[in-house]
Structure formats: structure tokens, C-alpha cells
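What's in coords_1.txt: compact mmCIF, C-alpha atoms
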```txt
# COMPACT_ATOMS: atom_id res chain seq x y z
CA MET A 1 -3.60 -31.34 13.53
CA LYS A 2 -3.90 -27.58 13.57
CA LEU A 3 -2.36 -26.16 16.68
CA PRO A 4 -4.12 -23.29 18.39
CA ASN A 5 -2.39 -20.11 17.27
CA PHE A 6 -1.23 -19.10 20.73
CA MET A 7 1.09 -22.15 20.69
CA THR A 8 2.56 -21.58 17.24
CA ARG A 9 3.01 -17.81 17.52
CA ARG A 10 6.48 -16.42 17.80
CA ALA A 11 6.90 -14.11 20.79
CA SER A 12 6.47 -10.55 19.63
CA ALA A 13 8.81 -8.73 22.02
CA PRO A 14 12.01 -9.91 20.25
CA ILE A 15 10.55 -8.54 17.01
CA ALA A 16 9.87 -5.20 18.73
CA ARG A 17 13.42 -5.14 20.09
CA GLU A 18 14.96 -5.83 16.70
CA ARG A 19 12.82 -3.22 14.93
CA LEU A 20 13.69 -0.57 17.51
CA GLN A 21 17.41 -1.33 17.30
CA ILE A 22 17.39 -0.85 13.56
CA VAL A 23 15.29 2.31 13.47
CA LEU A 24 17.09 3.95 16.38
CA ALA A 25 20.53 3.15 14.96
CA HIS A 26 19.53 5.00 11.81
CA GLU A 27 17.98 7.93 13.64
CA ARG A 28 20.94 8.39 15.99
CA ALA A 29 23.30 8.34 13.04
CA LEU A 30 21.32 11.16 11.45
CA ASN A 31 21.21 13.38 14.53
CA GLY A 32 24.00 15.92 14.76
CA THR A 33 25.15 15.48 11.18
CA SER A 34 23.69 17.44 8.32
CA GLY A 35 20.98 14.81 8.41
CA ASP A 36 19.51 14.23 5.04
CA LEU A 37 22.01 11.91 3.39
CA VAL A 38 19.29 10.35 1.30
CA ARG A 39 18.14 13.73 0.04
CA LEU A 40 21.70 14.74 -0.79
CA LEU A 41 22.34 11.49 -2.66
CA GLN A 42 19.11 11.89 -4.53
CA GLU A 43 19.90 15.49 -5.58
CA GLU A 44 23.40 14.63 -6.77
CA ILE A 45 22.38 11.50 -8.62
CA LEU A 46 19.56 13.35 -10.34
CA ALA A 47 21.92 16.21 -11.22
CA VAL A 48 24.30 13.78 -12.94
CA VAL A 49 21.50 12.15 -14.91
CA ALA A 50 20.02 15.56 -15.76
CA ARG A 51 23.29 16.53 -17.47
CA HIS A 52 22.52 13.98 -20.15
CA VAL A 53 18.78 13.47 -20.07
CA LYS A 54 15.89 15.81 -19.48
CA ILE A 55 14.18 14.60 -16.30
CA ASP A 56 10.61 15.23 -15.30
CA ARG A 57 10.60 15.40 -11.49
CA ASP A 58 7.17 13.78 -11.43
CA MET A 59 8.68 10.71 -13.08
CA VAL A 60 11.18 10.08 -10.29
CA GLN A 61 10.35 7.54 -7.58
CA ILE A 62 12.61 7.05 -4.63
CA LYS A 63 12.41 4.05 -2.33
CA LEU A 64 14.39 3.19 0.72
CA ASP A 65 14.60 0.01 2.75
CA ARG A 66 16.63 0.27 5.93
CA GLY A 67 18.06 -3.05 7.00
CA ASP A 68 20.18 -4.29 9.85
CA SER A 69 23.43 -4.50 7.91
CA ILE A 70 22.36 -3.32 4.46
CA SER A 71 20.01 -0.55 3.37
CA THR A 72 18.91 -0.15 -0.21
CA LEU A 73 18.22 3.16 -1.92
CA GLU A 74 16.28 2.79 -5.12
CA ILE A 75 15.94 5.71 -7.50
CA ASP A 76 13.61 5.01 -10.35
CA ILE A 77 13.80 7.57 -13.16
CA GLN A 78 11.40 7.22 -16.05
CA MET A 79 12.90 8.61 -19.22
CA PRO A 80 10.98 9.79 -22.28
CA ALA A 81 10.75 6.97 -24.86
CA GLU A 82 12.72 8.71 -27.65
CA ILE A 83 15.75 9.36 -25.42
CA ALA A 84 15.78 5.86 -24.04
CA ALA A 85 15.72 4.53 -27.61
CA ALA A 86 18.52 6.83 -28.78
CA HIS A 87 21.01 5.49 -26.26
CA MET B 1 -16.50 12.45 -1.72
CA ALA B 2 -13.42 12.24 0.48
CA LYS B 3 -13.74 12.44 4.23
CA VAL B 4 -11.06 14.04 6.37
CA LEU B 5 -11.03 12.58 9.86
CA VAL B 6 -8.87 13.64 12.79
CA VAL B 7 -8.02 11.20 15.57
CA THR B 8 -7.41 13.28 18.67
CA SER B 9 -7.57 13.15 22.48
CA GLY B 10 -5.66 15.89 24.26
CA LYS B 11 -4.04 13.40 26.60
CA GLY B 12 -1.11 11.31 25.41
CA GLY B 13 -0.90 7.55 25.56
CA VAL B 14 -4.61 6.84 25.24
CA GLY B 15 -4.37 5.13 21.85
CA LYS B 16 -4.54 7.77 19.10
CA THR B 17 -1.84 6.22 16.96
CA THR B 18 -3.06 2.67 17.53
CA SER B 19 -6.59 3.76 16.66
CA THR B 20 -5.46 5.69 13.58
CA ALA B 21 -3.62 2.63 12.28
CA SER B 22 -6.44 0.21 13.11
CA LEU B 23 -9.33 2.32 11.79
CA GLY B 24 -7.29 3.20 8.69
CA ALA B 25 -6.46 -0.44 8.03
CA ALA B 26 -10.05 -1.58 8.74
CA LEU B 27 -11.44 0.95 6.23
CA ALA B 28 -8.81 -0.05 3.67
CA GLN B 29 -9.56 -3.75 4.24
CA SER B 30 -13.16 -3.00 3.31
CA GLY B 31 -11.96 -1.66 -0.05
CA GLN B 32 -11.85 2.08 0.66
CA THR B 33 -8.75 4.03 -0.31
CA VAL B 34 -7.16 5.41 2.84
CA VAL B 35 -4.19 7.56 3.77
CA VAL B 36 -3.08 7.89 7.39
CA VAL B 37 -1.17 11.10 8.09
CA ASP B 38 1.16 11.54 11.07
CA PHE B 39 1.03 15.10 12.43
CA ASP B 40 3.34 14.48 15.36
CA VAL B 41 6.35 16.37 13.99
CA GLY B 42 9.48 15.57 15.95
CA LEU B 43 7.97 12.51 17.61
CA ARG B 44 6.68 10.43 14.76
CA ASN B 45 5.45 6.95 15.60
CA LEU B 46 2.70 6.04 13.19
CA ASP B 47 5.37 4.65 10.82
CA LEU B 48 6.56 2.30 13.58
CA VAL B 49 3.05 1.16 14.53
CA MET B 50 2.30 0.53 10.84
CA GLY B 51 5.61 -1.33 10.36
CA ALA B 52 6.84 1.07 7.67
CA GLU B 53 9.69 2.68 9.63
CA ARG B 54 12.38 1.26 7.38
CA ARG B 55 10.81 2.69 4.26
CA VAL B 56 10.46 6.37 5.18
CA VAL B 57 12.33 8.59 2.72
CA PHE B 58 10.34 11.81 2.64
CA ASP B 59 7.80 13.19 5.05
CA LEU B 60 5.04 15.72 5.56
CA VAL B 61 7.49 18.60 6.09
CA ASN B 62 9.50 17.72 2.96
CA VAL B 63 6.28 17.94 0.94
CA ILE B 64 5.21 21.22 2.58
CA GLN B 65 8.62 22.77 1.92
CA GLY B 66 8.64 21.56 -1.67
CA ASP B 67 11.61 19.19 -1.28
CA ALA B 68 9.52 16.23 -2.38
CA LYS B 69 6.34 15.57 -4.32
CA LEU B 70 3.38 14.23 -2.40
CA ALA B 71 3.49 10.97 -4.40
CA GLN B 72 7.12 10.45 -3.39
CA ALA B 73 6.38 10.80 0.31
CA LEU B 74 3.39 8.43 0.37
CA ILE B 75 4.28 4.92 1.50
CA ARG B 76 2.00 2.21 0.18
CA ASP B 77 1.24 -0.52 2.71
CA LYS B 78 2.67 -3.89 1.71
CA ARG B 79 -0.28 -5.86 3.09
CA VAL B 80 -3.27 -3.79 1.96
CA ASP B 81 -2.74 -1.94 -1.29
CA THR B 82 -5.51 0.61 -0.70
CA LEU B 83 -3.72 1.85 2.45
CA SER B 84 -1.01 4.53 2.42
CA LEU B 85 1.00 6.40 5.04
CA LEU B 86 2.29 9.97 5.03
CA PRO B 87 4.93 10.08 7.79
CA ALA B 88 5.80 13.02 10.02
CA SER B 89 9.34 14.30 10.02
CA GLN B 90 11.57 13.34 12.89
CA THR B 91 14.34 15.90 13.03
CA ARG B 92 12.94 19.30 12.17
CA ASP B 93 11.32 21.91 14.36
CA LYS B 94 7.59 22.03 14.85
CA ASP B 95 7.21 25.39 13.13
CA ALA B 96 8.02 23.61 9.88
CA LEU B 97 4.31 22.85 9.56
CA THR B 98 2.62 25.88 8.02
CA ALA B 99 -1.11 26.44 7.96
CA GLU B 100 -1.07 27.02 4.17
CA GLY B 101 1.13 23.98 3.57
CA VAL B 102 -1.16 21.71 5.57
CA ALA B 103 -4.22 23.12 3.78
CA ARG B 104 -2.65 22.39 0.39
CA ILE B 105 -1.65 18.83 1.28
CA ILE B 106 -5.05 17.97 2.75
CA ALA B 107 -6.69 19.34 -0.41
CA ASP B 108 -4.39 17.17 -2.57
CA LEU B 109 -5.03 14.08 -0.46
CA ARG B 110 -8.79 14.63 -0.75
CA GLU B 111 -8.40 14.17 -4.52
CA LYS B 112 -6.58 10.85 -4.17
CA PHE B 113 -8.28 9.01 -1.32
CA ASP B 114 -11.71 8.17 0.11
CA TRP B 115 -10.42 8.73 3.65
CA VAL B 116 -7.73 11.06 4.98
CA ILE B 117 -7.06 10.13 8.61
CA CYS B 118 -4.97 12.62 10.58
CA ASP B 119 -3.18 11.30 13.66
CA SER B 120 -2.98 14.26 16.04
CA PRO B 121 -0.13 14.83 18.47
CA ALA B 122 -1.06 14.97 22.15
CA GLY B 123 -1.67 18.36 23.71
CA ILE B 124 -3.57 21.42 22.56
CA GLU B 125 -0.69 23.22 20.85
CA ARG B 126 -0.13 24.09 17.24
CA GLY B 127 0.42 20.51 16.02
CA ALA B 128 -2.89 19.38 17.48
CA THR B 129 -4.85 22.35 16.13
CA LEU B 130 -3.29 21.95 12.66
CA ALA B 131 -4.20 18.26 12.62
CA MET B 132 -7.87 19.05 13.31
CA ARG B 133 -7.99 22.25 11.25
CA HIS B 134 -9.40 20.81 8.00
CA ALA B 135 -11.28 17.84 9.38
CA ASP B 136 -14.87 17.00 8.45
CA MET B 137 -15.21 14.74 11.45
CA ALA B 138 -13.31 13.85 14.60
CA VAL B 139 -12.72 10.67 16.55
CA VAL B 140 -12.04 11.55 20.18
CA VAL B 141 -10.06 8.73 21.77
CA THR B 142 -10.74 8.45 25.49
CA ASN B 143 -9.78 6.04 28.26
CA PRO B 144 -12.31 5.43 31.05
CA GLU B 145 -10.14 7.41 33.42
CA VAL B 146 -10.60 10.90 34.92
CA SER B 147 -7.69 12.79 33.34
CA SER B 148 -8.40 11.40 29.89
CA VAL B 149 -12.09 12.35 30.08
CA ARG B 150 -11.24 15.87 31.20
CA ASP B 151 -8.72 16.34 28.38
CA SER B 152 -11.23 15.00 25.86
CA ASP B 153 -13.64 17.68 27.01
CA ARG B 154 -11.00 20.34 26.28
CA ILE B 155 -10.40 18.88 22.83
CA ILE B 156 -14.12 18.83 22.06
CA GLY B 157 -14.13 22.54 22.88
CA LEU B 158 -11.29 23.13 20.42
CA LEU B 159 -13.03 21.08 17.73
CA ASP B 160 -16.05 23.35 18.10
CA SER B 161 -14.02 26.58 17.91
CA LYS B 162 -10.64 26.21 16.17
CA THR B 163 -11.53 24.21 13.08
CA GLU B 164 -12.43 25.52 9.62
CA ARG B 165 -15.85 23.97 9.97
CA ALA B 166 -16.51 25.67 13.29
CA GLU B 167 -15.35 29.00 11.91
CA ARG B 168 -17.76 28.66 8.98
CA GLY B 169 -20.52 28.08 11.51
CA GLU B 170 -20.95 24.44 10.46
CA ARG B 171 -21.29 21.49 12.77
CA MET B 172 -18.23 19.37 13.41
CA GLU B 173 -19.15 15.68 13.59
CA LYS B 174 -17.55 14.22 16.71
CA HIS B 175 -17.40 10.58 17.78
CA LEU B 176 -16.20 9.02 20.98
CA LEU B 177 -13.90 6.00 20.80
CA LEU B 178 -13.53 4.47 24.24
CA THR B 179 -10.28 2.50 24.44
CA ARG B 180 -8.67 0.18 27.01
CA TYR B 181 -12.11 -0.67 28.34
CA ASP B 182 -12.43 -3.47 30.86
CA SER B 183 -16.09 -4.57 31.13
CA ALA B 184 -15.47 -6.66 34.23
CA ARG B 185 -13.92 -3.79 36.17
CA ALA B 186 -16.58 -1.35 34.95
CA ASN B 187 -19.26 -3.78 36.11
CA ARG B 188 -17.60 -4.08 39.50
CA GLY B 189 -17.62 -0.30 39.81
CA GLU B 190 -13.82 -0.04 39.59
CA MET B 191 -13.79 1.81 36.28
CA LEU B 192 -15.96 4.50 34.69
CA LYS B 193 -18.69 2.89 32.64
CA THR B 194 -19.41 3.74 29.00
CA GLU B 195 -22.61 5.49 30.08
CA ASP B 196 -20.70 7.63 32.58
CA VAL B 197 -18.25 8.85 29.94
CA LEU B 198 -21.02 9.41 27.39
CA GLU B 199 -23.07 11.39 29.86
CA ILE B 200 -20.13 13.63 30.73
CA LEU B 201 -18.87 14.25 27.20
CA SER B 202 -22.24 13.99 25.42
CA ILE B 203 -20.97 13.07 21.96
CA PRO B 204 -22.10 9.92 20.12
CA LEU B 205 -20.23 6.67 20.67
CA LEU B 206 -18.24 5.22 17.77
CA GLY B 207 -17.00 2.12 19.52
CA ILE B 208 -15.61 0.47 22.62
CA ILE B 209 -12.19 -1.11 22.28
CA PRO B 210 -11.55 -3.66 25.03
CA GLU B 211 -8.23 -3.75 26.86
CA SER B 212 -6.30 -6.54 25.19
CA GLN B 213 -2.85 -8.08 24.97
CA GLU B 214 -3.29 -8.17 21.21
CA VAL B 215 -2.79 -4.40 20.97
CA LEU B 216 0.74 -4.53 22.39
CA ARG B 217 1.54 -7.53 20.25
CA ALA B 218 0.38 -5.64 17.14
CA SER B 219 2.59 -2.69 17.94
CA ASN B 220 5.53 -4.98 18.70
CA ILE B 221 5.35 -6.53 15.25
CA GLY B 222 4.42 -3.32 13.45
CA SER B 223 0.96 -4.16 12.20
CA PRO B 224 -2.49 -2.70 12.80
CA VAL B 225 -4.36 -5.19 15.00
CA THR B 226 -7.05 -5.59 12.31
CA LEU B 227 -4.33 -7.13 10.11
CA SER B 228 -2.25 -9.01 12.67
CA SER B 229 -5.17 -10.69 14.46
CA PRO B 230 -8.43 -9.86 12.69
CA GLU B 231 -10.41 -12.27 14.88
CA SER B 232 -9.27 -10.75 18.17
CA ALA B 233 -11.64 -8.69 20.31
CA PRO B 234 -9.98 -5.29 19.69
CA ALA B 235 -9.80 -5.96 15.94
CA ARG B 236 -13.51 -6.78 15.81
CA ALA B 237 -14.24 -3.62 17.78
CA TYR B 238 -12.21 -1.57 15.27
CA PHE B 239 -13.93 -3.26 12.31
CA ASP B 240 -17.32 -2.35 13.81
CA ALA B 241 -16.19 1.24 14.43
CA ALA B 242 -14.97 1.51 10.82
CA ARG B 243 -18.36 0.30 9.57
CA ARG B 244 -20.08 2.93 11.72
CA LEU B 245 -17.78 5.58 10.22
CA ARG B 246 -19.09 4.51 6.81
CA GLY B 247 -22.61 5.12 8.06
CA GLU B 248 -23.65 1.52 8.74
CA LEU B 249 -25.79 0.79 11.76
CA VAL B 250 -23.92 -1.77 13.80
CA PRO B 251 -25.23 -2.84 17.21
CA MET B 252 -22.93 -1.60 19.97
CA ASP B 253 -21.20 -4.16 22.14
CA VAL B 254 -17.83 -4.83 23.73
CA PRO B 255 -16.33 -7.74 21.80
CA GLU B 256 -14.84 -10.46 23.95
CA GLU B 257 -11.89 -12.69 23.18
CA ARG B 258 -12.95 -15.86 21.40
CA ARG B 259 -11.02 -18.66 22.97
CA GLY B 260 -10.41 -22.15 21.79
CA LEU B 261 -11.15 -25.24 23.85
CA VAL B 262 -7.52 -25.74 24.84
CA GLN B 263 -7.16 -22.16 26.05
CA ARG B 264 -10.41 -22.39 27.99
CA LEU B 265 -9.18 -25.53 29.74
CA PHE B 266 -5.85 -23.90 30.56
CA SER B 267 -7.38 -20.71 31.92
CA ARG B 268 -9.84 -22.70 34.02
CA ARG B 269 -7.06 -24.67 35.60
CA VAL B 270 -5.12 -21.49 36.36
CA ALA B 271 -8.20 -19.86 37.79
```

Spit out the file's structure as C-alpha cells when you get a sec.
Amino acid sequence: MKLPNFMTRRASAPIARERLQIVLAHERALNGTSGDLVRLLQEEILAVVARHVKIDRDMVQIKLDRGDSISTLEIDIQMPAEIAAAH
Amino acid sequence: MAKVLVVTSGKGGVGKTTSTASLGAALAQSGQTVVVVDFDVGLRNLDLVMGAERRVVFDLVNVIQGDAKLAQALIRDKRVDTLSLLPASQTRDKDALTAEGVARIIADLREKFDWVICDSPAGIERGATLAMRHADMAVVVTNPEVSSVRDSDRIIGLLDSKTERAERGERMEKHLLLTRYDSARANRGEMLKTEDVLEILSIPLLGIIPESQEVLRASNIGSPVTLSSPESAPARAYFDAARRLRGELVPMDVPEERRGLVQRLFSRRVA
């Protein structure tokens, strides 16, 4: 039997609480410090790669997923085919 | 041809961000490509209402200052792939938004999307005027309440004087979105009626969004209400409003909550 959805639904306030705790923890950590850790990491990582490979800035995608205990920073650099093949 | 739409109100807390998210999602759900842009620099919240707060890397100010490419700052919605978000920055000062920078970004977004929806900050300061600056049309979000109606009147004045369109001597298309409406109270004479607000503001009506628990639930879980409960009364009202934005003629009504048999029995017993 299909239960009416108001009976099966998880309460939404705990979700709101959890989301706020995560986002505010990250924002408070950024306030007061130089702030843009992600930008700094990105610049330095790209600088290291650029020493060896010519990078087109349009071919760089950066993704971030902030989690409770773990955040992931994903830097996706597309390299020209001939360089990728040479290494 | 892309449409640039500003969602504005003057007064805070009337539902600009909720309406931006819901109209944006409703348009995207109908297959249009949509970007929602948060102009509230320093107090961003559209990311939270859209449930994308964990994925923000770059923002509007980063793009304006050349620290990031537009494509890098756009966050694609995980539920509807024709919907994207351009977040506002959280930490920088409000002067970081430049008129030229905003003009350039809006022009770029026009190339990529069918709809560019700008979520205005409250107030009538720089952030609000920049958000409306390049708009082709405006959605004025108003609660049936005296201070909200008065502030909407101020904003309508700004739309007719401070926008590019107004300065070129062209007409700015303005639409009223009445939110948090309670038909029962309006009928009992406890709340301004739709006709009262329309008569005072004299701009065409885009839709009436009923007061509903579903709106808070949607914001709690970080989803536009048209995605989290598409059958709910506010979602249906937003879907209708989105169809009207696309030029469809949709009869105007205030959707009511559809309730199942069990819920009807429960509510009757309580009543």
C-alpha cells in the first residue's frame, strides 16, 4: 500500500540544521584569514602544471564539494592531445 | 532571443529568492535554459535555497574581477540540467560590483541561456539598481501587506527611471507576483485582496502564490518548491506564473492544497 507522502516524509528541519552547520563552519573558517584558500590552491597547482605543460585557462574546470568531515577539490585540466601522448 | 528578468521588491523577506529559485526551476523544467544570478553581494542566499551551497567555488565578483572565467563560476543544477546558478560573493565589499562588469556578464549570459534571472538584494541601493539595470522585464514580488506594497511602488518607480530600458525611452515590462497570499483571510477582510494590490500598483498580475508550509520545507532541504513538491499549491502557482512569463494565457487562480483522503479525515477531526 502506498502511504500518503506526509507520513513517509522525513522532517525537513534537521536537514536545514545540518546544511547550515556545514556551510557556516566553512564560512566562519574563511572570515578573518586571507580567505580564498581554494583560489590559492588552484593558482599554485596550475603554476606547477604550467611549468611542464602549456595550459589553456579555458580548459580548466574546478569543482568543490564541501562536506561535513571531508571536502573535495577537483581540478580538471584538459591537455592538448600531442602533449598527453608524449608523456 | 534571451530574456533578462529581475526579481525585485524593495522590502526584504517577501520571497524574492524563493521566487527566483522557483520560477527559474519551473522554466528550466519546461525545457528552457535558465541561469539564476544572485546579486546580493555580502549576503548571498540563493545558493542555499537552491541547495548548491557546498559547491560554490567562484562567484559573480570573481568573474567581474577576472579571477575566474564565467564558465567556471556557473554551477549546474544536479536535478535539472538546463538550470544553472551564478552565486554572489560572500566576503567582499559591495563596491566590487562594477557597472561595466555587470553589463559584460549579462551580455555573456544572454548568449548562453534563454532566461537570465537576476535575484535583487532588498533595498534601493546600488546592488538593487545594478540587478535591474539590464533587465528586459521585472517581476515585482509583493506581500499583501502595507509596507510591502509601498516599497513595491518605490521599486516600480526605479524600474521606470534607473534601468537601461527606461533611459532609452523604452517600456519596462513589469509583473506583479503576489506571495504569501491567504485567500481565506482576504475573503474575511483581514488581508489586502489581490484586486486591492493591483489597483494600487497598477501593473499586470503574474501570479498569486498561496501561503504554504511547503515553501519553508523547500528551503530547509535546499530545493525549489517546483522540484521538491511539484504537486503542491505554491509549486502549481509558480508553474502557472512561469508559463505566463513565456507568453501563455493561463487562467488566474489561487491554487489550493490537494489533500488525500487520510489527510482530509485527520484535518476534519482536528477541526

Item checked: Among the residues B:Leu130, B:Val149, B:Leu43, B:Leu227, the one that comes closest to chain A [using all atoms listed in the file] ->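 Going through B:Leu130, B:Val149, B:Leu43, B:Leu227 one by one, the smallest distance to chain A is for B:Leu43.
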
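Considering the residues A:His52, A:Ala47, A:Leu64, A:Leu73 and counting all atoms listed in the file, chain B has its shortest atom-to-atom contact with A:Leu64.
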
Notebook entry, point to check: Which residue gives the smallest distance to Glu257 of chain B among B:Ser219, B:Ser147, B:Ser228, B:Gln213, with all atoms listed in the file counted?
Noted result: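 Of B:Ser219, B:Ser147, B:Ser228, B:Gln213, the one nearest Glu257 of chain B, counting all atoms listed in the file, is B:Gln213.
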
Item checked: Residue nearest Leu20 of chain A among A:Ala50, A:Asp68, A:Gln61, A:Glu74 (counting all atoms listed in the file) -> A:Asp68

Write out as a tab-separated table a residue-level contact list of chain A versus chain B with cut-off 7 Å: for each qualifying residue the closest pair of atoms and the distance in Å to one decimal, counting all atoms listed in the file, rows sorted by chain and residue number upward.
```
residue	atom	partner	partner_atom	distance
A:Ser12	CA	B:Asn220	CA	5.7
A:Ala13	CA	B:Asn220	CA	6.0
A:Ile15	CA	B:Ile221	CA	5.8
A:Ala16	CA	B:Asn220	CA	4.3
A:Val23	CA	B:Glu53	CA	6.8
A:Gln61	CA	B:Gln72	CA	6.0
A:Ile62	CA	B:Gln72	CA	6.6
A:Lys63	CA	B:Val57	CA	6.8
A:Leu64	CA	B:Arg55	CA	5.1
A:Asp65	CA	B:Arg55	CA	4.9
A:Arg66	CA	B:Arg54	CA	4.6
```

Note to self: Report, in Å with one decimal, the straight-line distance from atom CA of Val116 of chain B to atom CA of Val4 of chain B.
What the structure shows: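 Atom CA of Val4 of chain B lies 4.7 Å from atom CA of Val116 of chain B.
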
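Note that the spacing between atom CA of Ile105 of chain B and atom CA of Gly66 of chain B amounts to 11.0 Å.
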
Margin query: List the spatial neighbours of Val36 of chain B as a list in words - criterion: any atom at most 10 Å away, all atoms listed in the file, same-chain residues fewer than 2 positions off excluded.
Written below: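 Once the adjacent positions are removed, what remains is Leu5, Val6, Thr17, Thr20, Ala21, Leu23, Gly24, Ala25, Val34, Asp38, Phe39, Leu46, Asp47, Met50, Leu74, Ile75, Leu83, Ser84, Leu85, Leu86, Pro87, Trp115, Val116, Ile117, Cys118 and Asp119 of chain B.
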
Take the residues just selected and output them with C-alpha atoms as a PDB file, keeping the file's coordinate frame.
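Saved the output as part.pdb:
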```
ATOM      1  CA  LEU B   5     -11.030  12.580   9.860  1.00  0.00           C
ATOM      2  CA  VAL B   6      -8.870  13.640  12.790  1.00  0.00           C
ATOM      3  CA  THR B  17      -1.840   6.220  16.960  1.00  0.00           C
ATOM      4  CA  THR B  20      -5.460   5.690  13.580  1.00  0.00           C
ATOM      5  CA  ALA B  21      -3.620   2.630  12.280  1.00  0.00           C
ATOM      6  CA  LEU B  23      -9.330   2.320  11.790  1.00  0.00           C
ATOM      7  CA  GLY B  24      -7.290   3.200   8.690  1.00  0.00           C
ATOM      8  CA  ALA B  25      -6.460  -0.440   8.030  1.00  0.00           C
ATOM      9  CA  VAL B  34      -7.160   5.410   2.840  1.00  0.00           C
ATOM     10  CA  ASP B  38       1.160  11.540  11.070  1.00  0.00           C
ATOM     11  CA  PHE B  39       1.030  15.100  12.430  1.00  0.00           C
ATOM     12  CA  LEU B  46       2.700   6.040  13.190  1.00  0.00           C
ATOM     13  CA  ASP B  47       5.370   4.650  10.820  1.00  0.00           C
ATOM     14  CA  MET B  50       2.300   0.530  10.840  1.00  0.00           C
ATOM     15  CA  LEU B  74       3.390   8.430   0.370  1.00  0.00           C
ATOM     16  CA  ILE B  75       4.280   4.920   1.500  1.00  0.00           C
ATOM     17  CA  LEU B  83      -3.720   1.850   2.450  1.00  0.00           C
ATOM     18  CA  SER B  84      -1.010   4.530   2.420  1.00  0.00           C
ATOM     19  CA  LEU B  85       1.000   6.400   5.040  1.00  0.00           C
ATOM     20  CA  LEU B  86       2.290   9.970   5.030  1.00  0.00           C
ATOM     21  CA  PRO B  87       4.930  10.080   7.790  1.00  0.00           C
ATOM     22  CA  TRP B 115     -10.420   8.730   3.650  1.00  0.00           C
ATOM     23  CA  VAL B 116      -7.730  11.060   4.980  1.00  0.00           C
ATOM     24  CA  ILE B 117      -7.060  10.130   8.610  1.00  0.00           C
ATOM     25  CA  CYS B 118      -4.970  12.620  10.580  1.00  0.00           C
ATOM     26  CA  ASP B 119      -3.180  11.300  13.660  1.00  0.00           C
TER      27      ASP B 119
END
```

Find the residues around segment 123-126 of chain B up to 10 Å (only C-alpha atoms counted), leave out those fewer than 4 positions away in its own chain, and share them as a compact mmCIF listing (two decimals) with C-alpha atoms, keeping the file's coordinate frame.
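Final file, part.txt:
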```
# COMPACT_ATOMS: atom_id res chain seq x y z
CA THR B 8 -7.41 13.28 18.67
CA SER B 9 -7.57 13.15 22.48
CA GLY B 10 -5.66 15.89 24.26
CA LYS B 11 -4.04 13.40 26.60
CA GLY B 12 -1.11 11.31 25.41
CA LYS B 94 7.59 22.03 14.85
CA ASP B 95 7.21 25.39 13.13
CA LEU B 97 4.31 22.85 9.56
CA THR B 98 2.62 25.88 8.02
CA ALA B 99 -1.11 26.44 7.96
CA LEU B 130 -3.29 21.95 12.66
CA ALA B 131 -4.20 18.26 12.62
CA ASP B 151 -8.72 16.34 28.38
CA ARG B 154 -11.00 20.34 26.28
CA ILE B 155 -10.40 18.88 22.83
CA LEU B 158 -11.29 23.13 20.42
```

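Atom CA of Leu176 of chain B lies 13.3 Å from atom CA of Arg150 of chain B.
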
Margin query: For a quick check of understanding, using all atoms listed in the file, which of A:Ala11, A:Ile75, A:Ala29, A:Ala81 has the smallest distance to Glu44 of chain A?
Written below: A:Ile75

Notebook entry, point to check: Between B:His134, B:Glu231, B:Thr142, B:Val102, which has the minimum distance to Arg168 of chain B (counting only C-alpha atoms)?
Noted result: B:His134

Item checked: Shell around Pro204 of chain B at 8 Å using all atoms listed in the file, local window under 3 positions removed, as a list of chain:residue names ->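 Neighbouring residues, sequence-local ones excluded: B:Lys174, B:His175, B:Leu176, B:Leu198.
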
Item checked: Long-range neighbours of Val49 of chain A as a list in words, 12 Å cut-off, only C-alpha atoms, 4 positions minimum in chain ->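 Here the answer would be Gln42, Glu43, Glu44, Ile45, Val53, Lys54, Ile55, Asp56, Arg57, Val60, Ile75, Asp76, Ile77, Gln78 and Met79 of chain A.
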